[in-house]
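Heads up, data.cif below (mmCIF, C-alpha atoms):
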data_entry
#
loop_
_atom_site.label_atom_id
_atom_site.label_comp_id
_atom_site.auth_asym_id
_atom_site.auth_seq_id
_atom_site.Cartn_x
_atom_site.Cartn_y
_atom_site.Cartn_z
CA MET F 1 98.70 69.82 116.56
CA ARG F 2 100.90 67.16 118.13
CA ARG F 3 101.57 63.51 117.54
CA ILE F 4 103.86 60.87 119.00
CA GLY F 5 105.63 57.78 117.79
CA ASP F 6 108.66 59.11 115.93
CA ALA F 7 112.31 59.10 117.02
CA HIS F 8 111.91 62.45 118.76
CA GLY F 9 108.98 61.40 120.94
CA VAL F 10 106.55 64.31 120.49
CA GLU F 11 106.27 66.45 117.37
CA THR F 12 104.52 69.81 117.16
CA VAL F 13 102.94 70.70 113.82
CA GLY F 14 102.43 74.46 113.64
CA ASP F 15 102.32 77.40 111.24
CA LEU F 16 98.87 76.40 110.03
CA GLN F 17 96.14 78.76 108.98
CA VAL F 18 93.40 79.88 111.37
CA GLY F 19 90.55 77.39 111.29
CA PHE F 20 90.19 73.86 112.61
CA LYS F 21 89.84 72.31 109.17
CA TRP F 22 93.58 72.83 108.67
CA ILE F 23 94.32 70.78 111.79
CA GLY F 24 91.94 68.07 110.58
CA GLN F 25 93.68 68.06 107.21
CA VAL F 26 97.09 67.45 108.78
CA LEU F 27 95.56 64.80 111.05
CA GLU F 28 94.37 62.92 107.96
CA GLN F 29 97.70 63.31 106.18
CA ARG F 30 99.54 61.78 109.12
CA ASP F 31 98.68 58.78 111.28
CA PRO F 32 95.45 59.63 113.18
CA ALA F 33 96.26 56.93 115.74
CA LYS F 34 99.26 58.95 116.90
CA PHE F 35 97.36 62.21 117.26
CA ILE F 36 97.32 63.74 120.76
CA LEU F 37 96.03 67.29 120.80
CA GLY F 38 94.83 69.98 118.40
CA VAL F 39 94.04 73.59 119.32
CA GLU F 40 93.35 76.77 117.34
CA GLU F 41 93.07 80.53 117.84
CA SER F 42 89.26 80.49 117.99
CA TYR F 43 89.39 78.26 121.09
CA GLY F 44 88.87 75.07 119.12
CA PHE F 45 90.09 72.03 121.08
CA LEU F 46 90.33 68.33 120.26
CA ILE F 47 91.81 65.28 121.97
CA GLY F 48 91.62 61.97 120.11
CA ASP F 49 90.78 61.26 116.48
CA HIS F 50 87.04 60.60 116.81
CA THR F 51 86.17 63.84 115.00
CA ARG F 52 87.85 66.24 112.60
CA ASP F 53 86.55 69.40 114.21
CA LYS F 54 86.63 71.21 117.55
CA ASP F 55 84.96 69.24 120.33
CA ALA F 56 83.50 71.17 123.28
CA ALA F 57 82.37 67.99 125.06
CA VAL F 58 85.90 66.58 125.33
CA ALA F 59 87.29 70.03 126.20
CA SER F 60 84.77 70.29 129.08
CA MET F 61 85.74 66.87 130.43
CA ILE F 62 89.45 67.69 130.29
CA LEU F 63 88.81 71.01 132.05
CA ALA F 64 86.84 69.22 134.77
CA GLU F 65 89.72 66.79 135.27
CA LEU F 66 92.23 69.65 135.41
CA THR F 67 90.02 71.44 137.96
CA ALA F 68 89.97 68.35 140.18
CA ARG F 69 93.75 67.95 139.99
CA ALA F 70 94.34 71.62 140.75
CA LYS F 71 91.93 71.46 143.70
CA ALA F 72 93.80 68.44 145.06
CA ASP F 73 96.94 70.55 144.99
CA GLY F 74 95.18 73.41 146.77
CA LEU F 75 94.95 75.59 143.66
CA SER F 76 92.17 77.19 141.65
CA LEU F 77 92.21 77.12 137.84
CA HIS F 78 93.14 80.80 137.89
CA GLN F 79 96.12 80.09 140.16
CA LYS F 80 97.14 77.16 137.95
CA LEU F 81 97.10 79.40 134.87
CA ASP F 82 99.10 82.10 136.65
CA ALA F 83 101.69 79.49 137.60
CA LEU F 84 102.04 78.54 133.92
CA PHE F 85 102.36 82.22 132.98
CA ALA F 86 105.08 82.70 135.59
CA GLN F 87 106.99 79.68 134.28
CA TYR F 88 106.58 80.05 130.51
CA GLY F 89 105.63 83.70 129.98
CA CYS F 90 102.34 85.59 129.98
CA HIS F 91 100.08 85.28 126.93
CA ALA F 92 97.02 87.37 126.07
CA GLU F 93 94.78 87.24 123.01
CA ARG F 94 91.95 89.26 121.54
CA THR F 95 89.80 88.84 118.44
CA ILE F 96 87.93 91.67 116.72
CA SER F 97 85.89 91.81 113.53
CA VAL F 98 85.45 94.73 111.17
CA LYS F 99 82.11 94.48 109.35
CA MET F 100 81.86 95.44 105.68
CA PRO F 101 78.23 94.83 104.69
CA GLY F 102 76.38 95.79 101.56
CA SER F 103 76.97 95.18 97.89
CA GLU F 104 80.37 96.88 98.05
CA GLY F 105 81.46 94.93 101.14
CA MET F 106 83.27 92.14 99.27
CA ASP F 107 85.26 94.63 97.19
CA ARG F 108 86.26 96.52 100.34
CA MET F 109 87.38 93.27 101.99
CA LYS F 110 89.53 92.35 98.98
CA SER F 111 91.00 95.87 98.87
CA LEU F 112 91.83 95.79 102.56
CA MET F 113 93.55 92.40 102.34
CA ALA F 114 95.58 93.66 99.36
CA GLN F 115 96.60 96.70 101.39
CA PHE F 116 97.84 94.54 104.25
CA ARG F 117 99.91 92.60 101.74
CA THR F 118 101.46 95.50 99.85
CA ASP F 119 101.34 98.47 102.23
CA PRO F 120 100.84 97.27 105.83
CA PRO F 121 101.07 99.57 108.86
CA ALA F 122 104.69 100.32 109.84
CA THR F 123 103.92 100.00 113.54
CA LEU F 124 101.14 98.70 115.77
CA ALA F 125 100.74 99.95 119.33
CA GLY F 126 104.18 101.53 119.11
CA ILE F 127 105.99 98.36 118.02
CA LYS F 128 107.51 97.97 114.56
CA VAL F 129 105.98 95.49 112.12
CA ALA F 130 109.05 93.39 111.36
CA GLN F 131 107.63 90.97 108.79
CA VAL F 132 104.54 90.22 106.73
CA ARG F 133 103.62 86.60 106.07
CA ASP F 134 101.29 86.27 103.08
CA TYR F 135 99.73 82.82 102.91
CA LEU F 136 97.91 83.52 99.66
CA ASN F 137 101.05 84.39 97.67
CA GLN F 138 103.26 82.15 99.82
CA THR F 139 105.74 84.90 100.69
CA ARG F 140 107.25 86.42 103.84
CA THR F 141 108.54 89.95 103.48
CA PRO F 142 110.77 91.64 106.09
CA ALA F 143 110.13 95.35 106.62
CA GLY F 144 111.98 97.20 103.88
CA GLY F 145 113.12 93.92 102.30
CA ASP F 146 112.26 91.67 99.38
CA PRO F 147 109.73 88.81 99.46
CA ARG F 148 111.04 85.36 100.32
CA PRO F 149 109.38 81.96 99.99
CA LEU F 150 106.96 80.99 102.75
CA VAL F 151 106.35 77.35 103.58
CA GLY F 152 102.80 76.72 104.76
CA PRO F 153 99.23 76.02 103.65
CA ARG F 154 97.87 78.41 101.06
CA GLY F 155 94.90 80.62 101.89
CA ASP F 156 93.65 84.19 102.18
CA MET F 157 95.45 85.20 105.38
CA VAL F 158 98.15 87.69 106.35
CA MET F 159 100.30 87.56 109.49
CA LEU F 160 101.98 90.71 110.81
CA ASP F 161 104.96 89.73 112.95
CA LEU F 162 106.01 92.49 115.33
CA ALA F 163 109.57 93.25 116.41
CA ALA F 164 108.77 92.10 119.96
CA GLU F 165 109.04 88.31 119.83
CA GLY F 166 105.79 86.40 120.21
CA ASN F 167 103.60 89.42 119.42
CA TYR F 168 101.72 89.29 116.12
CA VAL F 169 98.39 89.76 114.34
CA ALA F 170 96.56 87.41 111.98
CA VAL F 171 94.23 89.02 109.42
CA ARG F 172 91.73 87.10 107.32
CA PRO F 173 88.30 87.60 105.75
CA SER F 174 85.46 85.59 107.22
CA GLY F 175 84.39 82.66 105.11
CA THR F 176 80.71 83.04 106.01
CA GLU F 177 80.08 86.71 106.90
CA PRO F 178 80.89 90.12 105.37
CA LYS F 179 83.71 91.01 107.74
CA VAL F 180 87.48 90.87 108.22
CA LYS F 181 88.73 89.22 111.40
CA PHE F 182 91.80 90.19 113.40
CA TYR F 183 93.47 87.84 115.88
CA MET F 184 95.86 89.75 118.17
CA PHE F 185 98.49 87.96 120.24
CA ALA F 186 100.54 89.47 123.05
CA TYR F 187 103.43 87.79 124.86
CA ASP F 188 105.79 88.71 127.69
CA ALA F 189 108.69 86.39 128.47
CA PRO F 190 109.03 85.19 132.08
CA LYS F 191 111.11 87.55 134.20
CA THR F 192 111.97 87.38 137.87
CA GLY F 193 110.76 90.17 140.11
CA ARG F 194 107.84 91.24 137.89
CA ASN F 195 104.32 91.40 139.25
CA LEU F 196 102.10 89.21 137.05
CA ALA F 197 99.08 91.45 137.61
CA ASP F 198 101.06 94.41 136.27
CA VAL F 199 102.07 92.38 133.21
CA LYS F 200 98.44 91.48 132.49
CA THR F 201 97.35 95.11 132.84
CA ALA F 202 100.11 96.25 130.49
CA GLN F 203 99.13 93.60 127.92
CA SER F 204 95.47 94.62 128.08
CA ASP F 205 96.41 98.27 127.56
CA TRP F 206 98.69 97.29 124.67
CA LEU F 207 95.92 95.27 123.01
CA ASP F 208 93.61 98.28 123.37
CA ARG F 209 96.16 100.40 121.52
CA MET F 210 96.64 97.76 118.85
CA GLN F 211 92.90 97.50 118.32
CA LYS F 212 92.64 101.27 117.85
CA ASP F 213 95.53 101.24 115.37
CA LEU F 214 93.94 98.43 113.36
CA GLU F 215 90.56 100.19 113.32
CA ALA F 216 92.26 103.40 112.19
CA PHE F 217 94.11 101.52 109.44
CA THR F 218 90.90 99.92 108.15
CA GLY F 219 88.82 103.08 108.57
CA CYS F 220 86.15 101.08 110.43
CA GLU F 221 85.22 100.29 114.01
CA SER F 222 84.92 96.74 115.25
#
Have the structure of the file written as C-alpha cells, please.
Amino acid sequence: MRRIGDAHGVETVGDLQVGFKWIGQVLEQRDPAKFILGVEESYGFLIGDHTRDKDAAVASMILAELTARAKADGLSLHQKLDALFAQYGCHAERTISVKMPGSEGMDRMKSLMAQFRTDPPATLAGIKVAQVRDYLNQTRTPAGGDPRPLVGPRGDMVMLDLAAEGNYVAVRPSGTEPKVKFYMFAYDAPKTGRNLADVKTAQSDWLDRMQKDLEAFTGCES
C-alpha cells in the first residue's frame, strides 16, 4: 500500500499478511485521503479510498486506460509488461492449495503449520531456505540460528525466504475452506544479454520443482 503527503513524497507500506483486510486496516490507521494504491498476492487491487476491499471495477478501468496508452505508443500490454521485466527484473508467481478435508482436516492443518514453523524444508527447488518468518509467534529465524523479533501484523502465516533474493513462499491456512494455501514467488534481477523468454521458461520450471517439493513435504497433492 502507498500513500503520499509526507516529507519523503511517496511511502510504501509493506510486510503485511496475505489478505486485503490487512491493507484496509492500514488504510484506516493512516489518512485515507492520502491513499494511492493497494495490491495483494491474490490479485486484489484498489485505487482510491471508496472501499476497503479489492475492487475489480476500478482495476478494469485502469487496465483499459493502460491498454490505450500502450497502444498509442505502439505496444501491446504483453510488450509493456516485458519492458517492465527487462527494466526491473522478471517476476513470476503461482498459488496452490493442499486440501485437508474431513473431521481430521483441521488437526492436519495445524500440524502442518507447526511443522513449517519448527522443522521447515532445508531447500526448495534446489535453493536453500535462508529464513523462516513466523507471523503467529512474531519471530524470524535464520537457518541454523536462533529466533529474533519480527515486526509485523500477527496472524497464522509462515514465510520461507530463500537464499536467492526475491524468491520466497508464503504458507497459510484458508480462513473459509479446509486447505492450506501456498503462494510462491520467483524473481530474476535484470541482466544485460539475457533472453527474457528463456528467463520466463526457467522460472516456470523452477516453480514446477518448488510445487513438487512442497507437495512432497506436505504429503498431499494440490
Q: Find the distance between CA of Val13 in chain F and CA of Ala130 in chain F and write it in Å to one decimal.
A: 23.6 Å
Q. Between F:Lys21, F:Arg52, F:Lys110, F:Lys71, which one has atoms that come closest to Arg172 in chain F, using only C-alpha atoms?
A.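 Distance minimum relative to Arg172 in chain F lands on F:Lys110.
Selection by the PyMOL selection byres ((chain F and resi 145-151) around 12) on the present file picks out Gly14, Asp15, Leu16, Gln17, Arg117, Thr118, Ala130, Gln131, Val132, Arg133, Asp134, Tyr135, Leu136, Asn137, Gln138, Thr139, Arg140, Thr141, Pro142, Ala143, Gly144, Gly152, Pro153, Arg154, Val158 and Met159 of chain F.
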Q | Atomic distance CA of Phe182 in chain F - CA of Ile96 in chain F, expressed in Å with one decimal | A |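 CA of Ile96 in chain F lies at a distance of 5.3 Å from CA of Phe182 in chain F.
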(Q) Neighbouring residues of Asp55 in chain F were defined as those with any atom within 12 Å, considering all atoms listed in the file; residues of the same chain fewer than 3 positions away were excluded. Please report them as a PyMOL selection string. (A) chain F and resi 20+37-40+43-52+58-62
(Q) Calculated over only C-alpha atoms, which of the candidates F:Gly89, F:Pro32, F:Pro173, F:Gly126 has the smallest distance to Ala114 in chain F? (A) F:Pro173
Q: Output the residue selection produced by the PyMOL selection byres ((chain F and resi 86) around 10) on the file above, formatted as a PyMOL selection string.
A: chain F and resi 80-85+87-90+188-192+194-196
Output C-alpha atoms for every residue in that selection, as a compact mmCIF listing (two decimals), in the frame of the given file.
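Contents of the output file result18.txt:
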# COMPACT_ATOMS: atom_id res chain seq x y z
CA LYS F 80 97.14 77.16 137.95
CA LEU F 81 97.10 79.40 134.87
CA ASP F 82 99.10 82.10 136.65
CA ALA F 83 101.69 79.49 137.60
CA LEU F 84 102.04 78.54 133.92
CA PHE F 85 102.36 82.22 132.98
CA GLN F 87 106.99 79.68 134.28
CA TYR F 88 106.58 80.05 130.51
CA GLY F 89 105.63 83.70 129.98
CA CYS F 90 102.34 85.59 129.98
CA ASP F 188 105.79 88.71 127.69
CA ALA F 189 108.69 86.39 128.47
CA PRO F 190 109.03 85.19 132.08
CA LYS F 191 111.11 87.55 134.20
CA THR F 192 111.97 87.38 137.87
CA ARG F 194 107.84 91.24 137.89
CA ASN F 195 104.32 91.40 139.25
CA LEU F 196 102.10 89.21 137.05
Q: Would you work out the distance separating CA of Gly9 in chain F from CA of Lys34 in chain F, expressed in Å to one decimal?
A: 10.8 Å
Q. Which residue out of F:Ala56, F:Val10, F:Val18, F:Met100 has the minimum interatomic distance to Phe35 in chain F when only C-alpha atoms are used?
A.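 Once distances to Phe35 in chain F are computed over only C-alpha atoms, the minimum belongs to F:Val10.
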Q) Hey, can you pull every residue with an atom no more than 12 Å from (92.8, 102.7, 108.2), using all atoms listed in the file, and send it as an NGL selection string? A) :F and (98 or 108 or 111-113 or 115-116 or 119-121 or 124 or 211-221)
Q: Run the PyMOL selection byres ((chain F and resi 203) around 10) on the file and write out the hits as JSON, numbers by chain.
A: {"F": [90, 91, 92, 93, 185, 186, 187, 188, 197, 198, 199, 200, 201, 202, 204, 205, 206, 207, 208, 209]}
Enclose range 165-177 of chain F, meaning all of its atoms listed in the file, in a box aligned along x, y and z, pad it by 6 Å on each side, and list the centre and edge lengths in Å to one decimal, as lines of an AutoDock Vina configuration file.
center_x = 94.6
center_y = 86.2
center_z = 112.7
size_x = 41.0
size_y = 19.1
size_z = 27.1
With N, CA and C atoms retained, output range 91-116 of chain F as a PDB file, in the first residue's frame.
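selection-v4.pdb was written with the following content:
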ATOM      1  N   HIS F  91       9.434 -11.183 -12.707  1.00  0.00           N
ATOM      2  CA  HIS F  91       8.701 -11.764 -11.586  1.00  0.00           C
ATOM      3  C   HIS F  91       7.727 -12.825 -12.100  1.00  0.00           C
ATOM      4  N   ALA F  92       7.577 -13.891 -11.342  1.00  0.00           N
ATOM      5  CA  ALA F  92       6.568 -14.914 -11.642  1.00  0.00           C
ATOM      6  C   ALA F  92       5.974 -15.391 -10.327  1.00  0.00           C
ATOM      7  N   GLU F  93       4.693 -15.710 -10.339  1.00  0.00           N
ATOM      8  CA  GLU F  93       4.007 -16.149  -9.130  1.00  0.00           C
ATOM      9  C   GLU F  93       3.129 -17.355  -9.432  1.00  0.00           C
ATOM     10  N   ARG F  94       2.885 -18.133  -8.409  1.00  0.00           N
ATOM     11  CA  ARG F  94       1.966 -19.274  -8.533  1.00  0.00           C
ATOM     12  C   ARG F  94       1.352 -19.555  -7.168  1.00  0.00           C
ATOM     13  N   THR F  95       0.075 -19.873  -7.162  1.00  0.00           N
ATOM     14  CA  THR F  95      -0.626 -20.221  -5.928  1.00  0.00           C
ATOM     15  C   THR F  95      -1.181 -21.637  -6.044  1.00  0.00           C
ATOM     16  N   ILE F  96      -0.939 -22.448  -5.032  1.00  0.00           N
ATOM     17  CA  ILE F  96      -1.518 -23.789  -4.991  1.00  0.00           C
ATOM     18  C   ILE F  96      -2.186 -23.988  -3.625  1.00  0.00           C
ATOM     19  N   SER F  97      -3.123 -24.920  -3.579  1.00  0.00           N
ATOM     20  CA  SER F  97      -3.813 -25.239  -2.338  1.00  0.00           C
ATOM     21  C   SER F  97      -3.765 -26.735  -2.098  1.00  0.00           C
ATOM     22  N   VAL F  98      -3.463 -27.112  -0.877  1.00  0.00           N
ATOM     23  CA  VAL F  98      -3.464 -28.512  -0.482  1.00  0.00           C
ATOM     24  C   VAL F  98      -4.697 -28.745   0.389  1.00  0.00           C
ATOM     25  N   LYS F  99      -5.623 -29.571  -0.094  1.00  0.00           N
ATOM     26  CA  LYS F  99      -6.878 -29.794   0.612  1.00  0.00           C
ATOM     27  C   LYS F  99      -6.701 -30.811   1.737  1.00  0.00           C
ATOM     28  N   MET F 100      -7.337 -30.548   2.855  1.00  0.00           N
ATOM     29  CA  MET F 100      -7.306 -31.446   4.006  1.00  0.00           C
ATOM     30  C   MET F 100      -8.711 -31.559   4.580  1.00  0.00           C
ATOM     31  N   PRO F 101      -9.590 -32.253   3.864  1.00  0.00           N
ATOM     32  CA  PRO F 101     -10.998 -32.345   4.277  1.00  0.00           C
ATOM     33  C   PRO F 101     -11.201 -33.369   5.387  1.00  0.00           C
ATOM     34  N   GLY F 102     -12.436 -33.461   5.807  1.00  0.00           N
ATOM     35  CA  GLY F 102     -12.793 -34.460   6.808  1.00  0.00           C
ATOM     36  C   GLY F 102     -12.646 -33.953   8.223  1.00  0.00           C
ATOM     37  N   SER F 103     -13.072 -34.767   9.164  1.00  0.00           N
ATOM     38  CA  SER F 103     -13.047 -34.376  10.568  1.00  0.00           C
ATOM     39  C   SER F 103     -11.629 -34.172  11.092  1.00  0.00           C
ATOM     40  N   GLU F 104     -10.656 -34.853  10.470  1.00  0.00           N
ATOM     41  CA  GLU F 104      -9.278 -34.717  10.929  1.00  0.00           C
ATOM     42  C   GLU F 104      -8.526 -33.610  10.180  1.00  0.00           C
ATOM     43  N   GLY F 105      -9.206 -32.961   9.214  1.00  0.00           N
ATOM     44  CA  GLY F 105      -8.548 -31.967   8.386  1.00  0.00           C
ATOM     45  C   GLY F 105      -7.961 -30.806   9.172  1.00  0.00           C
ATOM     46  N   MET F 106      -8.721 -30.273  10.131  1.00  0.00           N
ATOM     47  CA  MET F 106      -8.241 -29.128  10.911  1.00  0.00           C
ATOM     48  C   MET F 106      -6.997 -29.483  11.706  1.00  0.00           C
ATOM     49  N   ASP F 107      -6.976 -30.682  12.300  1.00  0.00           N
ATOM     50  CA  ASP F 107      -5.791 -31.103  13.056  1.00  0.00           C
ATOM     51  C   ASP F 107      -4.582 -31.241  12.141  1.00  0.00           C
ATOM     52  N   ARG F 108      -4.791 -31.756  10.936  1.00  0.00           N
ATOM     53  CA  ARG F 108      -3.692 -31.894   9.986  1.00  0.00           C
ATOM     54  C   ARG F 108      -3.159 -30.532   9.566  1.00  0.00           C
ATOM     55  N   MET F 109      -4.055 -29.562   9.379  1.00  0.00           N
ATOM     56  CA  MET F 109      -3.645 -28.210   9.008  1.00  0.00           C
ATOM     57  C   MET F 109      -2.799 -27.588  10.112  1.00  0.00           C
ATOM     58  N   LYS F 110      -3.244 -27.723  11.355  1.00  0.00           N
ATOM     59  CA  LYS F 110      -2.485 -27.178  12.483  1.00  0.00           C
ATOM     60  C   LYS F 110      -1.126 -27.846  12.601  1.00  0.00           C
ATOM     61  N   SER F 111      -1.091 -29.171  12.405  1.00  0.00           N
ATOM     62  CA  SER F 111       0.170 -29.911  12.490  1.00  0.00           C
ATOM     63  C   SER F 111       1.140 -29.480  11.394  1.00  0.00           C
ATOM     64  N   LEU F 112       0.595 -29.273  10.196  1.00  0.00           N
ATOM     65  CA  LEU F 112       1.451 -28.857   9.085  1.00  0.00           C
ATOM     66  C   LEU F 112       2.026 -27.462   9.315  1.00  0.00           C
ATOM     67  N   MET F 113       1.209 -26.536   9.787  1.00  0.00           N
ATOM     68  CA  MET F 113       1.703 -25.186  10.064  1.00  0.00           C
ATOM     69  C   MET F 113       2.772 -25.220  11.154  1.00  0.00           C
ATOM     70  N   ALA F 114       2.577 -26.061  12.177  1.00  0.00           N
ATOM     71  CA  ALA F 114       3.581 -26.193  13.237  1.00  0.00           C
ATOM     72  C   ALA F 114       4.883 -26.750  12.676  1.00  0.00           C
ATOM     73  N   GLN F 115       4.783 -27.665  11.722  1.00  0.00           N
ATOM     74  CA  GLN F 115       5.982 -28.249  11.125  1.00  0.00           C
ATOM     75  C   GLN F 115       6.755 -27.201  10.325  1.00  0.00           C
ATOM     76  N   PHE F 116       6.052 -26.353   9.596  1.00  0.00           N
ATOM     77  CA  PHE F 116       6.730 -25.295   8.858  1.00  0.00           C
ATOM     78  C   PHE F 116       7.437 -24.325   9.805  1.00  0.00           C
TER      79      PHE F 116
END
